[in-house]
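Note: the block below is model_32.cif and it holds mmCIF, C-alpha atoms.
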data_model
#
loop_
_atom_site.label_atom_id
_atom_site.label_comp_id
_atom_site.auth_asym_id
_atom_site.auth_seq_id
_atom_site.Cartn_x
_atom_site.Cartn_y
_atom_site.Cartn_z
CA MET A 1 0.00 0.00 0.00
CA LYS A 2 1.37 3.37 -0.96
CA LYS A 3 2.20 5.52 2.00
CA LEU A 4 0.41 8.79 1.52
CA LYS A 5 0.99 10.34 4.85
CA THR A 6 3.56 9.39 7.42
CA GLY A 7 3.02 9.52 11.12
CA LYS A 8 0.16 8.09 13.06
CA TYR A 9 -3.39 9.39 13.16
CA ARG A 10 -4.97 10.39 16.46
CA GLU A 11 -8.51 10.61 17.83
CA SER A 12 -8.67 14.35 17.28
CA ASP A 13 -7.70 14.30 13.58
CA SER A 14 -10.41 14.96 11.04
CA MET A 15 -12.08 11.86 9.63
CA SER A 16 -12.61 13.38 6.20
CA ASN A 17 -8.94 14.38 6.05
CA LEU A 18 -7.93 10.83 6.88
CA ILE A 19 -9.99 9.46 4.00
CA CYS A 20 -9.03 12.15 1.51
CA CYS A 21 -5.33 11.67 2.19
CA ASN A 22 -5.54 7.87 2.40
CA TYR A 23 -8.28 6.44 0.22
CA PRO A 24 -7.48 2.80 1.18
CA ALA A 25 -8.92 3.68 4.60
CA LEU A 26 -12.34 3.53 2.93
CA LEU A 27 -12.13 -0.24 3.22
CA VAL A 28 -11.78 0.06 6.98
CA LEU A 29 -14.92 2.20 7.16
CA SER A 30 -17.09 -0.26 5.30
CA ARG A 31 -15.81 -3.16 7.37
CA PHE A 32 -16.86 -1.37 10.54
CA GLY A 33 -20.19 -0.56 8.89
CA MET A 34 -19.60 3.21 9.15
CA LYS A 35 -21.58 5.76 7.20
CA LEU A 36 -19.93 8.35 4.97
CA GLY A 37 -20.76 12.07 5.15
CA PHE A 38 -18.51 13.02 8.04
CA LYS A 39 -18.68 16.81 7.73
CA ASP A 40 -16.00 18.22 10.03
CA LYS A 41 -16.14 15.46 12.60
CA SER A 42 -13.01 14.14 14.26
CA ILE A 43 -12.13 10.47 14.02
CA GLU A 44 -13.32 9.98 17.59
CA GLU A 45 -16.70 11.66 16.98
CA ALA A 46 -17.27 9.73 13.78
CA CYS A 47 -16.43 6.46 15.50
CA ASN A 48 -18.72 7.25 18.44
CA ASP A 49 -21.57 8.08 16.05
CA ASN A 50 -21.20 4.66 14.50
CA ASN A 51 -20.57 2.75 17.73
CA VAL A 52 -17.06 1.81 16.71
CA ASP A 53 -14.24 1.53 19.23
CA VAL A 54 -11.93 4.37 18.24
CA LYS A 55 -8.72 2.76 19.49
CA THR A 56 -9.30 -0.38 17.44
CA PHE A 57 -10.21 1.75 14.44
CA LEU A 58 -6.99 3.76 14.77
CA ALA A 59 -4.86 0.67 15.31
CA ILE A 60 -6.09 -0.77 12.01
CA VAL A 61 -5.84 2.53 10.12
CA ASN A 62 -2.32 3.12 11.37
CA LEU A 63 -1.34 -0.43 10.48
CA LEU A 64 -2.70 0.19 6.99
CA LEU A 65 -0.73 3.40 6.59
CA CYS A 66 2.66 2.34 7.80
CA ASP A 67 4.26 -0.77 6.42
CA ASP A 68 5.20 -2.06 9.78
CA ILE A 69 4.32 -1.29 13.36
CA ASN A 70 5.68 -2.40 16.63
CA SER A 71 3.10 -5.05 17.34
CA ASP A 72 3.96 -5.29 21.01
CA ASN A 73 2.84 -1.78 21.86
CA VAL A 74 -0.71 -1.71 20.63
CA ASN A 75 -2.56 -4.74 21.83
CA ASN A 76 -3.70 -3.65 25.29
CA SER A 77 -5.82 -0.83 23.90
CA LEU A 78 -7.80 -3.01 21.49
CA PHE A 79 -11.42 -3.87 21.91
CA ILE A 80 -11.64 -7.49 20.83
CA PRO A 81 -15.36 -7.58 19.83
CA SER A 82 -14.70 -4.66 17.43
CA LEU A 83 -11.70 -6.42 16.01
CA ILE A 84 -13.70 -9.60 15.44
CA LEU A 85 -16.47 -7.61 13.78
CA TYR A 86 -13.88 -6.06 11.49
CA LEU A 87 -12.33 -9.42 10.58
CA HIS A 88 -15.72 -11.00 10.05
CA ASN A 89 -16.83 -8.25 7.66
CA SER A 90 -13.49 -8.42 5.95
CA HIS A 91 -13.96 -12.17 5.34
CA ASP A 92 -17.38 -11.46 3.96
CA TYR A 93 -15.94 -8.81 1.65
CA PHE A 94 -13.33 -11.14 0.13
CA VAL A 95 -15.42 -14.27 -0.16
CA ASN A 96 -18.75 -12.81 -1.16
CA TYR A 97 -17.78 -9.65 -2.99
CA ARG A 98 -14.16 -9.12 -4.00
CA LEU A 99 -13.16 -12.54 -5.33
CA PRO A 100 -16.45 -13.28 -7.16
CA ASP A 101 -16.20 -9.81 -8.73
CA ILE A 102 -12.65 -10.51 -9.94
CA ARG A 103 -13.75 -13.88 -11.31
CA GLU A 104 -16.53 -12.27 -13.32
CA LYS A 105 -14.17 -9.65 -14.74
CA LEU A 106 -11.56 -12.29 -15.45
CA LYS A 107 -14.04 -14.45 -17.32
CA ASN A 108 -15.05 -11.52 -19.51
CA ALA A 109 -11.48 -10.40 -20.16
CA LEU A 110 -10.20 -13.77 -21.40
CA THR A 111 -9.59 -14.18 -25.12
CA GLN A 112 -12.37 -16.30 -26.63
CA GLU A 113 -10.10 -18.43 -28.83
CA LEU A 114 -7.96 -19.81 -26.00
CA LYS A 115 -10.57 -22.28 -24.83
CA ASP A 116 -8.42 -24.87 -23.05
CA LEU A 117 -6.22 -22.27 -21.50
CA ASN A 118 -9.19 -20.26 -20.22
CA LYS A 119 -10.61 -23.35 -18.61
CA ALA A 120 -7.30 -23.96 -16.83
CA VAL A 121 -7.08 -20.32 -15.77
CA LEU A 122 -10.56 -20.32 -14.24
CA TYR A 123 -9.88 -23.68 -12.61
CA TYR A 124 -6.82 -22.21 -10.89
CA PHE A 125 -8.80 -19.20 -9.73
CA ASP A 126 -11.71 -21.29 -8.43
CA GLU A 127 -9.34 -23.57 -6.57
CA TYR A 128 -7.76 -20.50 -5.01
CA VAL A 129 -11.12 -19.06 -3.96
CA SER A 130 -12.08 -22.31 -2.30
CA GLU A 131 -8.80 -22.26 -0.37
CA VAL A 132 -9.53 -18.74 0.82
CA ARG A 133 -13.02 -19.84 1.79
CA ASN A 134 -11.63 -22.72 3.87
CA HIS A 135 -9.03 -20.48 5.45
CA MET A 136 -11.64 -17.95 6.47
CA SER A 137 -14.32 -20.37 7.56
CA TYR A 138 -11.79 -22.01 9.87
CA GLU A 139 -11.40 -18.65 11.57
CA GLU A 140 -15.15 -18.08 11.65
CA GLU A 141 -16.00 -21.54 12.94
CA THR A 142 -13.07 -22.35 15.21
CA VAL A 143 -11.06 -19.31 16.17
CA PHE A 144 -13.80 -16.72 16.78
CA PRO A 145 -15.99 -19.03 18.88
CA TYR A 146 -12.90 -19.89 20.91
CA VAL A 147 -12.24 -16.18 21.52
CA HIS A 148 -15.87 -15.59 22.48
CA SER A 149 -15.67 -18.31 25.11
CA LEU A 150 -12.37 -16.87 26.37
CA MET A 151 -14.03 -13.48 26.77
CA SER A 152 -16.76 -15.02 28.86
CA GLY A 153 -14.01 -16.37 31.12
CA LYS A 154 -14.01 -19.96 29.93
CA LYS A 155 -10.74 -21.44 28.83
CA ASN A 156 -10.93 -24.30 26.38
CA ILE A 157 -8.08 -26.67 27.16
CA LYS A 158 -8.26 -28.36 23.79
CA TYR A 159 -7.54 -25.22 21.79
CA ASN A 160 -5.21 -22.25 22.03
CA ILE A 161 -4.23 -19.39 19.78
CA GLY A 162 -0.81 -20.99 19.25
CA MET A 163 -2.52 -23.61 17.08
CA PHE A 164 -3.91 -20.82 14.93
CA ILE A 165 -0.50 -19.14 14.62
CA LYS A 166 1.03 -22.41 13.45
CA GLN A 167 -1.36 -23.02 10.60
CA HIS A 168 -2.04 -19.42 9.61
CA ASN A 169 -0.62 -19.08 6.12
CA GLN A 170 -0.27 -16.09 3.86
CA ILE A 171 -3.33 -16.49 1.67
CA GLU A 172 -2.26 -13.81 -0.78
CA ALA A 173 0.78 -15.84 -1.93
CA LYS A 174 -1.22 -18.00 -4.30
CA LEU A 175 -2.98 -14.99 -5.78
CA THR A 176 0.44 -13.43 -6.41
CA GLU A 177 1.46 -16.64 -8.16
CA PHE A 178 -1.71 -16.52 -10.25
CA LYS A 179 -1.03 -12.94 -11.29
CA ASN A 180 2.57 -13.81 -12.18
CA ILE A 181 1.46 -16.77 -14.26
CA MET A 182 -1.09 -14.62 -16.12
CA ILE A 183 1.47 -11.91 -16.84
CA LYS A 184 4.12 -14.38 -17.95
CA TYR A 185 2.15 -16.94 -19.91
CA TYR A 186 -1.25 -15.60 -20.94
CA GLU A 187 -0.57 -14.25 -24.44
CA THR A 188 -3.25 -11.79 -25.28
CA GLU A 189 -3.82 -8.25 -26.46
CA SER A 190 -3.33 -5.75 -23.69
CA THR A 191 -6.94 -4.65 -23.43
CA ASN A 192 -8.67 -2.35 -20.96
CA GLU A 193 -10.55 -5.36 -19.64
CA ILE A 194 -7.45 -7.41 -18.89
CA ASN A 195 -5.74 -4.39 -17.33
CA ASN A 196 -8.79 -3.80 -15.20
CA VAL A 197 -8.77 -7.32 -13.81
CA LEU A 198 -5.00 -7.26 -13.22
CA PHE A 199 -5.29 -3.94 -11.36
CA ASP A 200 -7.99 -5.53 -9.24
CA ILE A 201 -5.78 -8.51 -8.49
CA PHE A 202 -2.85 -6.26 -7.49
CA ASN A 203 -5.19 -4.37 -5.16
CA CYS A 204 -6.76 -7.50 -3.78
CA GLU A 205 -3.31 -8.89 -3.02
CA ASN A 206 -2.59 -5.79 -0.92
CA ASP A 207 -5.97 -6.01 0.80
CA LEU A 208 -5.36 -9.63 1.68
CA ALA A 209 -1.89 -8.86 2.98
CA LEU A 210 -3.34 -6.13 5.18
CA HIS A 211 -6.07 -8.45 6.36
CA ASN A 212 -3.39 -10.94 7.37
CA ALA A 213 -1.37 -8.20 9.04
CA VAL A 214 -4.39 -7.24 11.15
CA GLU A 215 -4.72 -10.87 12.20
CA ASP A 216 -1.03 -11.44 12.88
CA LYS A 217 -0.11 -8.12 14.42
CA LEU A 218 -3.27 -7.01 16.22
CA PHE A 219 -5.60 -9.95 16.67
CA VAL A 220 -3.13 -12.68 17.67
CA PRO A 221 -1.21 -10.59 20.25
CA ALA A 222 -4.52 -9.43 21.76
CA ILE A 223 -5.69 -13.03 22.12
CA VAL A 224 -2.37 -14.16 23.58
CA GLU A 225 -2.83 -11.45 26.21
CA LEU A 226 -6.42 -12.49 26.82
CA GLU A 227 -5.35 -16.12 27.28
CA LEU A 228 -2.78 -15.05 29.89
CA ASN A 229 -5.34 -13.00 31.82
CA THR A 230 -7.93 -15.75 31.69
CA SER A 231 -5.58 -18.28 33.21
CA ILE A 232 -4.58 -15.82 35.93
CA LYS A 233 -8.23 -15.32 36.87
CA LYS A 234 -8.60 -19.08 37.22
CA LEU A 235 -5.83 -19.27 39.84
CA MET B 236 12.66 -14.57 -10.60
CA ASN B 237 9.54 -14.01 -8.59
CA VAL B 238 10.80 -15.11 -5.22
CA HIS B 239 9.51 -12.74 -2.59
CA ILE B 240 11.74 -12.50 0.40
CA LYS B 241 10.88 -11.18 3.81
CA ILE B 242 13.43 -8.80 5.26
CA ALA B 243 13.90 -7.43 8.77
CA VAL B 244 16.15 -4.55 9.77
CA ALA B 245 17.22 -4.46 13.41
CA GLU B 246 18.87 -1.21 14.39
CA SER B 247 18.04 1.05 17.32
CA SER B 248 18.65 4.37 15.56
CA VAL B 249 15.51 5.38 13.67
CA ILE B 250 17.56 7.50 11.28
CA VAL B 251 19.91 4.68 10.31
CA ARG B 252 17.06 2.14 10.23
CA THR B 253 14.79 4.08 7.91
CA GLY B 254 17.83 4.94 5.82
CA ILE B 255 18.52 1.24 5.25
CA VAL B 256 14.87 0.53 4.52
CA SER B 257 14.79 3.29 1.93
CA VAL B 258 17.97 2.00 0.26
CA LEU B 259 16.51 -1.52 0.22
CA GLN B 260 13.39 -0.22 -1.46
CA GLN B 261 15.46 1.29 -4.25
CA LEU B 262 17.17 -2.00 -4.99
CA SER B 263 14.28 -3.54 -6.91
CA ILE B 264 14.55 -6.75 -4.94
CA ASN B 265 11.30 -8.67 -4.83
CA HIS B 266 10.38 -8.45 -1.20
CA SER B 267 7.14 -9.06 0.59
CA GLY B 268 7.69 -6.40 3.20
CA ILE B 269 10.51 -5.01 5.30
CA SER B 270 10.05 -5.06 9.05
CA GLU B 271 11.75 -2.53 11.26
CA ILE B 272 12.96 -3.75 14.63
CA GLU B 273 13.96 -1.23 17.29
CA ASP B 274 15.43 -3.23 20.12
CA ALA B 275 16.64 -6.64 21.21
CA GLU B 276 13.46 -7.49 23.05
CA GLN B 277 11.28 -6.88 20.02
CA LEU B 278 13.74 -8.84 17.87
CA ARG B 279 13.48 -11.80 20.18
CA SER B 280 9.70 -11.89 20.11
CA LEU B 281 9.49 -11.43 16.33
CA LEU B 282 12.13 -14.07 15.51
CA GLY B 283 10.00 -16.66 17.23
CA ARG B 284 6.91 -15.73 15.22
CA GLN B 285 7.89 -14.31 11.84
CA LYS B 286 9.62 -16.22 9.10
CA TYR B 287 12.21 -13.77 7.84
CA ASP B 288 14.55 -14.72 5.00
CA LEU B 289 17.05 -11.99 5.69
CA LEU B 290 17.93 -10.11 8.86
CA ILE B 291 20.12 -7.03 8.67
CA ILE B 292 21.30 -6.32 12.17
CA ASN B 293 23.61 -4.03 14.06
CA PRO B 294 25.86 -6.41 16.06
CA LEU B 295 26.27 -3.68 18.69
CA MET B 296 22.56 -3.31 19.41
CA PRO B 297 22.14 -2.89 23.18
CA GLY B 298 21.04 -6.06 24.93
CA LEU B 299 21.57 -8.21 21.86
CA PHE B 300 21.92 -11.91 22.52
CA SER B 301 24.44 -14.07 20.62
CA LEU B 302 24.08 -15.03 16.97
CA GLN B 303 24.01 -18.71 17.97
CA GLN B 304 21.08 -17.95 20.24
CA MET B 305 19.27 -16.11 17.43
CA ARG B 306 19.78 -19.00 15.05
CA LYS B 307 18.34 -21.31 17.67
CA GLU B 308 15.28 -19.19 18.38
CA SER B 309 14.38 -18.16 14.85
CA VAL B 310 11.48 -20.02 13.22
CA ASN B 311 13.31 -19.90 9.90
CA HIS B 312 16.49 -21.92 10.23
CA ASP B 313 17.67 -20.88 6.77
CA MET B 314 17.53 -17.21 7.57
CA LYS B 315 20.57 -15.19 6.46
CA TYR B 316 22.21 -12.83 8.93
CA VAL B 317 23.81 -9.65 7.66
CA ALA B 318 25.86 -7.55 10.05
CA LEU B 319 25.46 -3.81 9.72
CA GLN B 320 28.85 -2.38 10.47
CA ASN B 321 28.93 1.24 11.52
CA SER B 322 32.12 1.24 13.56
CA LEU B 323 35.29 -0.78 13.98
CA LEU B 324 34.44 -4.26 15.13
CA ASP B 325 36.45 -7.27 16.13
CA ASN B 326 36.59 -9.83 13.31
CA SER B 327 35.57 -12.60 15.67
CA VAL B 328 32.23 -10.82 16.12
CA LEU B 329 31.64 -10.52 12.40
CA LYS B 330 32.83 -13.86 11.11
CA SER B 331 29.73 -15.80 12.08
CA TYR B 332 27.49 -13.52 9.99
CA ASP B 333 26.64 -14.52 6.42
CA GLU B 334 27.50 -11.11 5.06
CA ILE B 335 28.59 -7.66 6.22
CA ILE B 336 27.17 -4.38 5.02
CA SER B 337 29.11 -1.26 5.93
CA LEU B 338 27.46 2.06 6.58
CA TYR B 339 29.57 3.38 3.71
CA ASP B 340 28.68 0.74 1.12
CA SER B 341 27.24 2.06 -2.14
CA THR B 342 23.75 1.05 -3.30
CA GLU B 343 25.34 -1.22 -5.93
CA GLN B 344 27.52 -2.97 -3.35
CA ILE B 345 24.54 -3.56 -1.09
CA LYS B 346 22.48 -4.89 -3.99
CA GLU B 347 25.23 -7.27 -5.03
CA LYS B 348 25.67 -8.61 -1.50
CA ILE B 349 21.97 -9.17 -0.96
CA ASN B 350 21.45 -10.73 -4.37
CA SER B 351 24.23 -13.22 -3.82
CA LEU B 352 22.65 -14.22 -0.51
CA ILE B 353 19.22 -14.63 -2.07
CA THR B 354 20.42 -16.72 -5.00
CA GLN B 355 22.18 -19.02 -2.55
CA THR B 356 18.89 -19.75 -0.85
CA ASP B 357 17.25 -19.99 -4.18
CA SER B 358 19.10 -23.10 -5.44
CA ALA B 359 20.65 -23.57 -8.81
CA GLY B 360 17.93 -23.42 -11.49
CA ASN B 361 17.70 -19.99 -12.99
CA SER B 362 16.71 -20.95 -16.47
CA GLU B 363 13.03 -21.31 -17.09
CA SER B 364 13.34 -23.88 -19.82
CA LEU B 365 12.60 -27.35 -18.59
CA THR B 366 14.58 -30.40 -19.65
CA VAL B 367 12.81 -33.15 -21.59
CA ARG B 368 12.63 -35.25 -18.43
CA GLU B 369 11.20 -32.37 -16.43
CA LYS B 370 8.53 -31.81 -19.08
CA GLU B 371 7.55 -35.49 -18.91
CA ILE B 372 7.27 -35.25 -15.15
CA THR B 373 5.25 -32.02 -15.33
CA VAL B 374 2.71 -33.78 -17.55
CA CYS B 375 2.49 -36.72 -15.13
CA VAL B 376 2.00 -34.36 -12.18
CA ILE B 377 -0.86 -32.50 -13.78
CA LYS B 378 -2.51 -35.75 -14.73
CA GLY B 379 -2.69 -36.37 -11.00
CA MET B 380 -0.14 -39.18 -10.74
CA THR B 381 1.62 -39.79 -7.43
CA ASN B 382 5.41 -39.69 -7.16
CA LYS B 383 5.43 -43.49 -6.95
CA GLN B 384 3.33 -43.84 -10.13
CA ILE B 385 5.55 -41.36 -11.98
CA ALA B 386 8.65 -43.23 -10.85
CA ASP B 387 7.23 -46.55 -12.08
CA THR B 388 6.09 -45.13 -15.44
CA LEU B 389 9.40 -43.43 -16.21
CA CYS B 390 11.60 -46.10 -14.60
CA LEU B 391 13.08 -43.71 -12.06
CA SER B 392 13.44 -43.83 -8.29
CA THR B 393 10.90 -41.87 -6.26
CA HIS B 394 13.78 -39.88 -4.90
CA THR B 395 14.75 -38.75 -8.42
CA VAL B 396 11.16 -37.79 -9.18
CA ILE B 397 11.01 -35.67 -6.05
CA SER B 398 14.24 -33.91 -6.93
CA HIS B 399 13.00 -33.25 -10.49
CA ARG B 400 9.81 -31.80 -9.07
CA ARG B 401 11.79 -29.56 -6.80
CA ASN B 402 13.76 -28.28 -9.80
CA ILE B 403 10.58 -27.66 -11.79
CA THR B 404 9.10 -25.60 -8.94
CA SER B 405 12.25 -23.58 -8.56
CA LYS B 406 12.65 -22.94 -12.30
CA LEU B 407 9.05 -21.91 -12.92
CA GLN B 408 8.20 -20.52 -9.49
CA ILE B 409 4.89 -22.32 -9.76
CA HIS B 410 3.88 -24.23 -6.66
CA SER B 411 0.51 -25.67 -7.55
CA THR B 412 -0.70 -28.32 -9.97
CA ALA B 413 -3.32 -25.89 -11.31
CA GLY B 414 -0.52 -23.43 -12.10
CA LEU B 415 1.56 -26.12 -13.80
CA THR B 416 -1.44 -26.97 -15.94
CA ILE B 417 -1.63 -23.40 -17.24
CA PHE B 418 2.09 -23.52 -18.02
CA ALA B 419 1.75 -26.89 -19.76
CA ILE B 420 -1.15 -25.80 -21.95
CA VAL B 421 0.61 -22.62 -23.02
CA ASN B 422 3.67 -24.67 -23.93
CA LYS B 423 1.56 -27.35 -25.62
CA LEU B 424 2.82 -30.15 -23.37
CA VAL B 425 -0.70 -31.36 -22.82
CA THR B 426 -4.31 -30.83 -23.87
CA LEU B 427 -7.17 -30.61 -21.41
CA ASP B 428 -8.80 -33.77 -22.79
CA GLU B 429 -5.97 -35.71 -21.19
CA ILE B 430 -6.68 -34.45 -17.69
CA LYS B 431 -9.56 -36.05 -15.86
CA LYS B 432 -10.47 -33.36 -13.37
CA TYR B 433 -11.05 -30.78 -16.11
CA GLN B 434 -13.64 -32.96 -17.84
#

Could you express the structure from this file as structure tokens?
Amino acid sequence: MKKLKTGKYRESDSMSNLICCNYPALLVLSRFGMKLGFKDKSIEEACNDNNVDVKTFLAIVNLLLCDDINSDNVNNSLFIPSLILYLHNSHDYFVNYRLPDIREKLKNALTQELKDLNKAVLYYFDEYVSEVRNHMSYEEETVFPYVHSLMSGKKNIKYNIGMFIKQHNQIEAKLTEFKNIMIKYYETESTNEINNVLFDIFNCENDLALHNAVEDKLFVPAIVELELNTSIKKL
Amino acid sequence: MNVHIKIAVAESSVIVRTGIVSVLQQLSINHSGISEIEDAEQLRSLLGRQKYDLLIINPLMPGLFSLQQMRKESVNHDMKYVALQNSLLDNSVLKSYDEIISLYDSTEQIKEKINSLITQTDSAGNSESLTVREKEITVCVIKGMTNKQIADTLCLSTHTVISHRRNITSKLQIHSTAGLTIFAIVNKLVTLDEIKKYQ
């Protein structure tokens, strides 16, 4: 993601400035279900209006804007239910909107004559989408329920967040490979349609990488902390 | 090559650290992100979690534990360690690092050093053209044959098949069967009628 403004945003900064200077932050808004039309409201006011935890919002926005943050400094100020809501909506965005949209555009951009090749291309893409689906439904069906039970003070001895860390792979890698294969081997006219779908894939790759960064750098450390506190309470 | 490497820069001075990051970004190395690490404690916690391919580190960072210890704790055992030298240092400190970058190295020197480290990790095959044998094996793989079946059909040992497959992956940078299929169709190694799962 291109860095448009350096330095971190704070509660008192203007929400519309944030978006105007950093359009990728729009994705964060929709995942928190926030309405546009901020007038001159500060980030804090806009978050309060939409019942969004401002610290979690800022943690994600600041992660989006700088390539790397010190993950150990931010986790105690996060509100886990907000974070889960964000991740859940983000899953929904990829699986039900972004990837199907790319597939549709891809299908229309392929050169008619290359029948066999097109079939293989769509097969690759569909296989990828089903991997993403599995990856995300594991989080929805196993990880989030586990966190919910942790928050209610129950510690499941059969599961811990370490198991998630171990199997959590970078889901954008295979999309990168797909894009590379298309650019290297798919001989076709450089049309607006094919450019459009490749631009979308480049963007989607970044979105997925950010989604993973939110999980690895914000979500996981917050849950590790929660696990520690839950076991202390038990003693 | 499309190998994306993950780099970390451990240096306590923000000025030096961001300087290195900005030089790295000019090098047109394919990287999937550069992490900045400020102190030894953060380094320790990240090494245990993140799989870096390359760590550029100031050997004089306060509180730094030994290189042997780092190698032991890192989740990536093949990680390369590059010492960032900004003052006179005893050779015995530097010799265990894979490479040394001086604060006064030029961009070209840094690029050359990093590239030689990456290609080492990257194994031999740089050419994208597959040998006849590798093409045969590619076709078998996309038809869904197991290593054992391929070995029996081509009268090879399973071990040889595995090593051919490794070379194919590294030459083409394609890790999935579905990706190999696209490659094979483009290069007319196979038609879709021959592959069951596409029917």

inquiry  = Residues near region 154-157 of chain A, anyone? I mean within 9 Å using all atoms listed in the file, not counting same-chain ones fewer than 2 positions away, as a PyMOL selection string.
reply    = chain A and resi 146+148-152+159-160+227+230-231+234

key: Exercise answer, chain B residues close to chain A, 7 Å and all atoms listed in the file, as a list in words   =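 Residues satisfying the distance criterion: Ser270, Glu271, Ile409, Ala413, Gly414, Thr416, Ile417, Phe418, Ile420, Val421 and Leu427 of chain B.
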
note = If you count all atoms listed in the file, the residue of B:Gly283, B:Leu262, B:Asp387, B:Glu369 closest to Lys348 (chain B) turns out to be B:Leu262

request  = Would you kindly translate the PyMOL selection byres ((chain A and resi 170) around 12) into the concrete residues it picks from this file, as a list of chain:residue names?
outcome  =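 Residues picked by the PyMOL selection byres ((chain A and resi 170) around 12): A:Glu131, A:Val132, A:His135, A:Met136, A:Ile165, A:Lys166, A:Gln167, A:His168, A:Asn169, A:Ile171, A:Glu172, A:Ala173, A:Lys174, A:Leu175, A:Thr176, A:Glu205, A:Asn206, A:Asp207, A:Leu208, A:Ala209, A:Leu210, A:His211, A:Asn212, A:Ala213, A:Glu215, A:Asp216, B:Ser267, B:Gln285, B:Lys286.
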
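Closest approach to Ile255 (chain B) among B:Gln304, B:Asn293, B:Asn402, B:Thr366: B:Asn293, based on only C-alpha atoms.
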
The PyMOL selection byres ((chain A and resi 105) around 10) resolved against shown file, as a ChimeraX atom specification = /A:99-104,106-110,193-194,196-198,200

query = Got a sec to resolve the PyMOL selection byres ((chain B and resi 318) around 9) on this structure and send the residues as a list in words?
reply =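 That selection, the PyMOL selection byres ((chain B and resi 318) around 9), comes back as Leu290, Ile291, Ile292, Asn293, Pro294, Tyr316, Val317, Leu319, Gln320, Leu329, Tyr332, Asp333, Glu334, Ile335, Ile336 and Ser337 of chain B.
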
request  = May I ask which of the residues B:Asp325, B:Glu246, B:Glu276, B:Glu343 is the closest one to Phe300 (chain B), counting only C-alpha atoms?
outcome  =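 When distances to Phe300 (chain B) are compared using only C-alpha atoms, the smallest one comes from B:Glu276.
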
request  = In the coordinates of the file, take the point (-16.8, -13.9, 13.1) and a cut-off of 12 Å; then, counting all atoms listed in the file, name each qualifying protein, DNA or RNA residue as number ranges by chain.
outcome  = A: 80-92, 136-148

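If you look at CA of Asn62 (chain A) and CA of Lys8 (chain A), they are 5.8 Å away from each other.
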
Surrounding residues of Thr381 (chain B) excluding itself and chain neighbours under 4 positions, 12 Å, all atoms listed in the file, as number ranges by chain = B: 372-377, 385-388, 393, 396-397, 400, 412

task = Using CA of Gln112 (chain A) and CA of Val95 (chain A) as the two end points, give the distance in Å to one decimal.
result =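 Between CA of Gln112 (chain A) and CA of Val95 (chain A) the gap is 26.7 Å.
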
key: Two-atom distance - CA of Ala245 (chain B), CA of His266 (chain B) (Å)   =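 Going from CA of Ala245 (chain B) over to CA of His266 (chain B) covers 16.6 Å.
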
10 Å contact set for region 12-28 of chain A, all atoms listed in the file, chain neighbours under 6 positions out, as an NGL selection string = :A and (1-5 or 34 or 36-47 or 57-58 or 60-62 or 64-65 or 86 or 89-90 or 93 or 203 or 207)
